Each structure stands twice: as structure tokens, then as C-alpha cells.
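See below for the structure under consideration.
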Amino acid sequence: QVQLVESGGGLVQAGGSLRLSCAVSGTIFSINAMAWYRQAPGKQRELVAKISRSGSTGYADSMKGRFTISRDNAKNTVYLEMNSLKAEDTAVYYCNVEGRWRNYWGQGTQVTVSS
């Protein structure tokens with residue numbers, strides 16, 4: 001059974017940093033892109049950042065220059081380094097992994113930024 005195990009969320013002051021991790025437990029055939037999404041209360045889930053298997057990255061405009069996505073293919077793990085955090089970054093952050101036949105989601109990790 002495949003699980004995406006997320007860690008690294010928590011409470012941080014505005015201007016601070018957090019590093020999220022998401023490790024694949026189990027076997028996913030042919031992992032392609034890996035990504036982070038977030039969902040704030042009362043809002044739709046939105047894409048934060050995405051990274052291809054080869055390492056090409058893309059970011060939502062509001063995260064460019066502050067967030068960095070990376071991955072370790074040998075460990076089937078994706079990371080999200082978040083710097084200069086703002087109160088509006090408060091949300092539940094979800095990792096997403098694209099397998100050959102389906103997408104997988106993590107359970108979410110709460111990030112709360114106090115102003």
C-alpha cells in the first residue's frame with residue numbers, strides 16, 4: 001500500500017522558514033512529477049510548486065523567490081524549502097506524486113505563520 005508521509009509543518013513567525021518533506025512509502029511504478037499544493041481555510045487547493053523527474057521546476061507567482069522545491073529520486077522524497085514566510089502562507093500543505101497510472105496525495109501538514 002502506497003503512502004505519502006509528510007513532515008516539517010508547524011508554527012513559525014512571519015519572516016521565518018520551514019522545510020517540508022514528503023517521502024513515498026511503498027512502491028509507485030514510474031514516478032514522474034512531484035508537487036506541493038496548499039489549501040487555506042475557505043479557499044480552493046492551489047499549486048505551490050512542481051518538479052519534474054529531471055529536476056525542472058515551476059512555481060506559483062506568489063512563491064517565486066521564496067520557496068524552493070527539490071527531490072531525491074533515490075529516496076523517492078520531495079522537499080519544499082519555504083523562506084520569508086508570510087501570514088497568507090498559512091494553510092495545509094499537501095504533496096502530490098504522479099505515478100504512471102494515477103496521482104497520489106499525502107495527508108497534509110499544517111503550516112501556520114503568525115504575524
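Identifiers in the C-alpha cells: chain A, B, ... in order shown; residue index from 1 per chain; ligand index from 1 in order shown.
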
Just the strand (DSSP E) stuff from chain A, please, per backbone DSSP, written as number ranges by chain. A: 3-7, 10-13, 18-25, 34-39, 46-51, 57-59, 67-72, 77-82, 91-98, 103-105, 109-114

Would you kindly return, as a PDB file with all heavy atoms, in the first residue's frame, each protein, DNA or RNA residue with an atom no farther than 8 Å from any atom of Ile31 in chain A, considering only C-alpha atoms and excluding same-chain residues fewer than 4 positions away?
ATOM      1  N   ARG A  53      10.785  14.839 -13.113  1.00  0.00           N
ATOM      2  CA  ARG A  53      11.744  13.814 -12.749  1.00  0.00           C
ATOM      3  C   ARG A  53      13.175  14.262 -13.049  1.00  0.00           C
ATOM      4  O   ARG A  53      14.106  13.920 -12.337  1.00  0.00           O
ATOM      5  CB  ARG A  53      11.444  12.510 -13.484  1.00  0.00           C
ATOM      6  CG  ARG A  53      12.379  11.378 -13.075  1.00  0.00           C
ATOM      7  CD  ARG A  53      11.912  10.025 -13.549  1.00  0.00           C
ATOM      8  NE  ARG A  53      12.796   8.966 -13.099  1.00  0.00           N
ATOM      9  CZ  ARG A  53      12.776   8.425 -11.884  1.00  0.00           C
ATOM     10  NH1 ARG A  53      11.869   8.834 -11.017  1.00  0.00           N
ATOM     11  NH2 ARG A  53      13.617   7.481 -11.551  1.00  0.00           N
ATOM     12  N   VAL A  97       2.185  13.115  -5.936  1.00  0.00           N
ATOM     13  CA  VAL A  97       3.138  12.353  -6.740  1.00  0.00           C
ATOM     14  C   VAL A  97       2.401  11.750  -7.931  1.00  0.00           C
ATOM     15  O   VAL A  97       1.354  11.110  -7.748  1.00  0.00           O
ATOM     16  CB  VAL A  97       3.790  11.242  -5.909  1.00  0.00           C
ATOM     17  CG1 VAL A  97       4.629  10.327  -6.794  1.00  0.00           C
ATOM     18  CG2 VAL A  97       4.647  11.839  -4.806  1.00  0.00           C
ATOM     19  N   GLU A  98       2.947  11.978  -9.097  1.00  0.00           N
ATOM     20  CA  GLU A  98       2.353  11.428 -10.320  1.00  0.00           C
ATOM     21  C   GLU A  98       3.009  10.097 -10.657  1.00  0.00           C
ATOM     22  O   GLU A  98       4.179  10.042 -11.003  1.00  0.00           O
ATOM     23  CB  GLU A  98       2.541  12.405 -11.480  1.00  0.00           C
ATOM     24  CG  GLU A  98       1.789  13.714 -11.329  1.00  0.00           C
ATOM     25  CD  GLU A  98       2.021  14.638 -12.513  1.00  0.00           C
ATOM     26  OE1 GLU A  98       2.671  14.237 -13.492  1.00  0.00           O
ATOM     27  OE2 GLU A  98       1.545  15.785 -12.453  1.00  0.00           O
ATOM     28  N   GLY A  99       2.229   9.012 -10.516  1.00  0.00           N
ATOM     29  CA  GLY A  99       2.702   7.725 -10.974  1.00  0.00           C
ATOM     30  C   GLY A  99       2.302   7.545 -12.418  1.00  0.00           C
ATOM     31  O   GLY A  99       1.696   8.424 -13.034  1.00  0.00           O
ATOM     32  N   ARG A 100       2.621   6.382 -12.958  1.00  0.00           N
ATOM     33  CA  ARG A 100       2.320   6.152 -14.370  1.00  0.00           C
ATOM     34  C   ARG A 100       0.821   6.115 -14.619  1.00  0.00           C
ATOM     35  O   ARG A 100       0.347   6.555 -15.668  1.00  0.00           O
ATOM     36  CB  ARG A 100       2.961   4.842 -14.820  1.00  0.00           C
ATOM     37  CG  ARG A 100       2.737   4.571 -16.306  1.00  0.00           C
ATOM     38  CD  ARG A 100       3.633   3.470 -16.799  1.00  0.00           C
ATOM     39  NE  ARG A 100       3.457   3.249 -18.227  1.00  0.00           N
ATOM     40  CZ  ARG A 100       4.184   2.412 -18.946  1.00  0.00           C
ATOM     41  NH1 ARG A 100       5.140   1.706 -18.366  1.00  0.00           N
ATOM     42  NH2 ARG A 100       3.958   2.268 -20.226  1.00  0.00           N
TER      43      ARG A 100
END

Can you pull out every residue within 8 Å of Val92 in chain A, counting only C-alpha atoms, but drop anything in the same chain fewer than 5 positions away, and send it as a list in words? Arg38, Gln39, Ala40, Gly108, Thr109, Gln110 and Val111 of chain A

Resulting file, chosen residues, all heavy atoms, as a PDB file, in the first residue's frame:
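Final output, saved to again37.pdb:
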ATOM      1  N   ARG A  38      -1.381  23.581  -1.633  1.00  0.00           N
ATOM      2  CA  ARG A  38      -1.806  24.041  -0.323  1.00  0.00           C
ATOM      3  C   ARG A  38      -3.270  24.449  -0.371  1.00  0.00           C
ATOM      4  O   ARG A  38      -3.797  24.795  -1.426  1.00  0.00           O
ATOM      5  CB  ARG A  38      -0.946  25.202   0.185  1.00  0.00           C
ATOM      6  CG  ARG A  38      -1.162  26.518  -0.548  1.00  0.00           C
ATOM      7  CD  ARG A  38      -0.185  27.560  -0.011  1.00  0.00           C
ATOM      8  NE  ARG A  38      -0.447  28.882  -0.585  1.00  0.00           N
ATOM      9  CZ  ARG A  38       0.327  29.946  -0.356  1.00  0.00           C
ATOM     10  NH1 ARG A  38       1.405  29.845   0.411  1.00  0.00           N
ATOM     11  NH2 ARG A  38       0.018  31.106  -0.900  1.00  0.00           N
ATOM     12  N   GLN A  39      -3.892  24.398   0.784  1.00  0.00           N
ATOM     13  CA  GLN A  39      -5.294  24.800   0.893  1.00  0.00           C
ATOM     14  C   GLN A  39      -5.492  25.566   2.189  1.00  0.00           C
ATOM     15  O   GLN A  39      -5.304  25.014   3.273  1.00  0.00           O
ATOM     16  CB  GLN A  39      -6.214  23.585   0.842  1.00  0.00           C
ATOM     17  CG  GLN A  39      -7.683  23.946   0.765  1.00  0.00           C
ATOM     18  CD  GLN A  39      -8.552  22.757   0.392  1.00  0.00           C
ATOM     19  OE1 GLN A  39      -8.146  21.612   0.519  1.00  0.00           O
ATOM     20  NE2 GLN A  39      -9.755  23.037  -0.077  1.00  0.00           N
ATOM     21  N   ALA A  40      -5.854  26.827   2.036  1.00  0.00           N
ATOM     22  CA  ALA A  40      -6.154  27.672   3.191  1.00  0.00           C
ATOM     23  C   ALA A  40      -7.641  27.541   3.514  1.00  0.00           C
ATOM     24  O   ALA A  40      -8.440  27.182   2.647  1.00  0.00           O
ATOM     25  CB  ALA A  40      -5.793  29.116   2.876  1.00  0.00           C
ATOM     26  N   GLY A 108      -1.453  15.745   4.277  1.00  0.00           N
ATOM     27  CA  GLY A 108      -1.410  17.176   4.568  1.00  0.00           C
ATOM     28  C   GLY A 108      -0.663  17.471   5.855  1.00  0.00           C
ATOM     29  O   GLY A 108      -0.715  16.709   6.820  1.00  0.00           O
ATOM     30  N   THR A 109       0.022  18.587   5.864  1.00  0.00           N
ATOM     31  CA  THR A 109       0.720  19.053   7.055  1.00  0.00           C
ATOM     32  C   THR A 109       0.412  20.534   7.236  1.00  0.00           C
ATOM     33  O   THR A 109       0.453  21.318   6.283  1.00  0.00           O
ATOM     34  CB  THR A 109       2.232  18.792   6.973  1.00  0.00           C
ATOM     35  OG1 THR A 109       2.857  19.154   8.201  1.00  0.00           O
ATOM     36  CG2 THR A 109       2.894  19.556   5.836  1.00  0.00           C
ATOM     37  N   GLN A 110       0.075  20.911   8.445  1.00  0.00           N
ATOM     38  CA  GLN A 110      -0.348  22.281   8.725  1.00  0.00           C
ATOM     39  C   GLN A 110       0.861  23.199   8.852  1.00  0.00           C
ATOM     40  O   GLN A 110       1.810  22.897   9.587  1.00  0.00           O
ATOM     41  CB  GLN A 110      -1.163  22.336  10.021  1.00  0.00           C
ATOM     42  CG  GLN A 110      -1.593  23.732  10.444  1.00  0.00           C
ATOM     43  CD  GLN A 110      -2.643  24.320   9.522  1.00  0.00           C
ATOM     44  OE1 GLN A 110      -3.610  23.660   9.154  1.00  0.00           O
ATOM     45  NE2 GLN A 110      -2.462  25.598   9.154  1.00  0.00           N
ATOM     46  N   VAL A 111       0.785  24.316   8.165  1.00  0.00           N
ATOM     47  CA  VAL A 111       1.770  25.387   8.309  1.00  0.00           C
ATOM     48  C   VAL A 111       1.014  26.629   8.778  1.00  0.00           C
ATOM     49  O   VAL A 111       0.074  27.068   8.118  1.00  0.00           O
ATOM     50  CB  VAL A 111       2.500  25.671   6.986  1.00  0.00           C
ATOM     51  CG1 VAL A 111       3.356  26.927   7.112  1.00  0.00           C
ATOM     52  CG2 VAL A 111       3.357  24.478   6.586  1.00  0.00           C
TER      53      VAL A 111
END

Near Leu20 in chain A, within 7 Å and counting only C-alpha atoms, which residues show up once chain neighbours fewer than 2 positions away are dropped, as a list in words?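 Skipping anything fewer than 2 positions along the chain leaves Ser7, Gly8, Gly9, Leu18, Cys22, Tyr79, Leu80 and Glu81 of chain A.
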
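Across A:Gln44, A:Gln1, A:Ser54, A:Ser115, the tightest approach to Asn73 in chain A is made by A:Ser54 when counting only C-alpha atoms.
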
Just checking: using only C-alpha atoms, which residue out of A:Ala14, A:Met34, A:Val24, A:Leu47 ends up closest to Tyr93 in chain A?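 That would be A:Leu47, the residue with the smallest distance to Tyr93 in chain A.
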
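Across the structure, CA of Val113 in chain A and CA of Ser52 in chain A are spaced 28.3 Å apart.
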
Give me, as a PDB file with N, CA, C and O atoms, in the first residue's frame, all polymer residues having an atom no more than 10 Å from Thr68 in chain A, counting only C-alpha atoms and skipping those fewer than 6 positions away in the same chain.
ATOM      1  N   ARG A  19      10.936  23.745   6.406  1.00  0.00           N
ATOM      2  CA  ARG A  19      11.250  22.800   5.342  1.00  0.00           C
ATOM      3  C   ARG A  19      10.312  21.610   5.453  1.00  0.00           C
ATOM      4  O   ARG A  19      10.306  20.918   6.471  1.00  0.00           O
ATOM      5  N   VAL A  48       1.491  24.965  -5.435  1.00  0.00           N
ATOM      6  CA  VAL A  48       2.571  25.778  -4.883  1.00  0.00           C
ATOM      7  C   VAL A  48       3.800  25.665  -5.779  1.00  0.00           C
ATOM      8  O   VAL A  48       4.363  26.661  -6.221  1.00  0.00           O
ATOM      9  N   ALA A  49       4.239  24.439  -6.029  1.00  0.00           N
ATOM     10  CA  ALA A  49       5.443  24.211  -6.826  1.00  0.00           C
ATOM     11  C   ALA A  49       5.416  22.791  -7.362  1.00  0.00           C
ATOM     12  O   ALA A  49       4.806  21.904  -6.757  1.00  0.00           O
ATOM     13  N   LYS A  50       6.122  22.599  -8.477  1.00  0.00           N
ATOM     14  CA  LYS A  50       6.152  21.298  -9.121  1.00  0.00           C
ATOM     15  C   LYS A  50       7.556  21.042  -9.636  1.00  0.00           C
ATOM     16  O   LYS A  50       8.240  21.982 -10.044  1.00  0.00           O
ATOM     17  N   ILE A  51       7.971  19.773  -9.605  1.00  0.00           N
ATOM     18  CA  ILE A  51       9.297  19.425 -10.100  1.00  0.00           C
ATOM     19  C   ILE A  51       9.187  18.154 -10.923  1.00  0.00           C
ATOM     20  O   ILE A  51       8.569  17.177 -10.487  1.00  0.00           O
ATOM     21  N   THR A  57      11.680  22.838 -12.586  1.00  0.00           N
ATOM     22  CA  THR A  57      10.767  23.313 -11.556  1.00  0.00           C
ATOM     23  C   THR A  57       9.851  24.411 -12.064  1.00  0.00           C
ATOM     24  O   THR A  57      10.167  25.126 -13.023  1.00  0.00           O
ATOM     25  N   GLY A  58       8.713  24.550 -11.390  1.00  0.00           N
ATOM     26  CA  GLY A  58       7.783  25.631 -11.671  1.00  0.00           C
ATOM     27  C   GLY A  58       7.126  26.051 -10.376  1.00  0.00           C
ATOM     28  O   GLY A  58       6.934  25.221  -9.478  1.00  0.00           O
ATOM     29  N   TYR A  59       6.818  27.330 -10.252  1.00  0.00           N
ATOM     30  CA  TYR A  59       6.263  27.874  -9.016  1.00  0.00           C
ATOM     31  C   TYR A  59       5.069  28.771  -9.300  1.00  0.00           C
ATOM     32  O   TYR A  59       5.016  29.440 -10.337  1.00  0.00           O
ATOM     33  N   TYR A  79      10.924  17.753  -1.362  1.00  0.00           N
ATOM     34  CA  TYR A  79      11.095  18.740  -0.293  1.00  0.00           C
ATOM     35  C   TYR A  79      10.533  20.090  -0.741  1.00  0.00           C
ATOM     36  O   TYR A  79      10.473  20.394  -1.932  1.00  0.00           O
ATOM     37  N   LEU A  80      10.176  20.897   0.236  1.00  0.00           N
ATOM     38  CA  LEU A  80       9.787  22.276  -0.036  1.00  0.00           C
ATOM     39  C   LEU A  80      10.425  23.157   1.020  1.00  0.00           C
ATOM     40  O   LEU A  80      10.057  23.094   2.198  1.00  0.00           O
ATOM     41  N   GLU A  81      11.392  23.943   0.593  1.00  0.00           N
ATOM     42  CA  GLU A  81      12.041  24.917   1.474  1.00  0.00           C
ATOM     43  C   GLU A  81      11.267  26.217   1.358  1.00  0.00           C
ATOM     44  O   GLU A  81      11.129  26.760   0.259  1.00  0.00           O
ATOM     45  N   MET A  82      10.775  26.706   2.485  1.00  0.00           N
ATOM     46  CA  MET A  82       9.961  27.921   2.488  1.00  0.00           C
ATOM     47  C   MET A  82      10.647  28.988   3.327  1.00  0.00           C
ATOM     48  O   MET A  82      10.880  28.770   4.526  1.00  0.00           O
ATOM     49  N   ASN A  83      10.961  30.106   2.712  1.00  0.00           N
ATOM     50  CA  ASN A  83      11.620  31.214   3.390  1.00  0.00           C
ATOM     51  C   ASN A  83      10.753  32.462   3.324  1.00  0.00           C
ATOM     52  O   ASN A  83       9.815  32.536   2.533  1.00  0.00           O
TER      53      ASN A  83
END

Report, in Å to a single decimal, how far apart CA of Gly106 in chain A and CA of Glu88 in chain A are.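 Answer for the CA of Glu88 in chain A to CA of Gly106 in chain A separation: 21.6 Å.
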
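Nearest to Ser114 in chain A of all the residues A:Thr90, A:Ser30, A:Glu46, A:Ser21 is A:Thr90, counting only C-alpha atoms.
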
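Residues of range 52-104 of chain A that DSSP, applied to the backbone, places in helix (DSSP H, G or I): Asp61, Ser62, Met63, Ala87, Glu88 and Asp89 of chain A.
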
Store the residues of this selection in a file with N, CA, C and O atoms, as a CSV table (one decimal), in the first residue's frame.
chain,number,residue,atom,x,y,z
A,61,ASP,N,3.2,32.2,-8.8
A,61,ASP,CA,3.9,33.5,-8.8
A,61,ASP,C,4.2,34.0,-7.4
A,61,ASP,O,5.2,34.6,-7.2
A,62,SER,N,3.3,33.8,-6.5
A,62,SER,CA,3.4,34.4,-5.1
A,62,SER,C,4.5,33.7,-4.3
A,62,SER,O,5.0,34.2,-3.3
A,63,MET,N,5.0,32.5,-4.8
A,63,MET,CA,6.0,31.8,-4.1
A,63,MET,C,7.4,31.9,-4.8
A,63,MET,O,8.4,31.5,-4.1
A,87,ALA,N,2.0,35.6,6.7
A,87,ALA,CA,0.7,35.1,7.3
A,87,ALA,C,-0.2,34.5,6.3
A,87,ALA,O,-0.8,33.5,6.6
A,88,GLU,N,-0.2,35.0,5.1
A,88,GLU,CA,-1.0,34.4,4.0
A,88,GLU,C,-0.5,33.1,3.5
A,88,GLU,O,-1.2,32.4,2.6
A,89,ASP,N,0.6,32.6,3.9
A,89,ASP,CA,1.1,31.3,3.6
A,89,ASP,C,0.5,30.2,4.5
A,89,ASP,O,0.7,29.0,4.3

One-decimal distance in Å that lies between CA of Gly55 in chain A and CA of Val2 in chain A: 22.8 Å

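The residue that comes closest to Ser84 in chain A, out of A:Val5, A:Ile69, A:Gly16, A:Tyr37 and on the basis of only C-alpha atoms, is A:Gly16.
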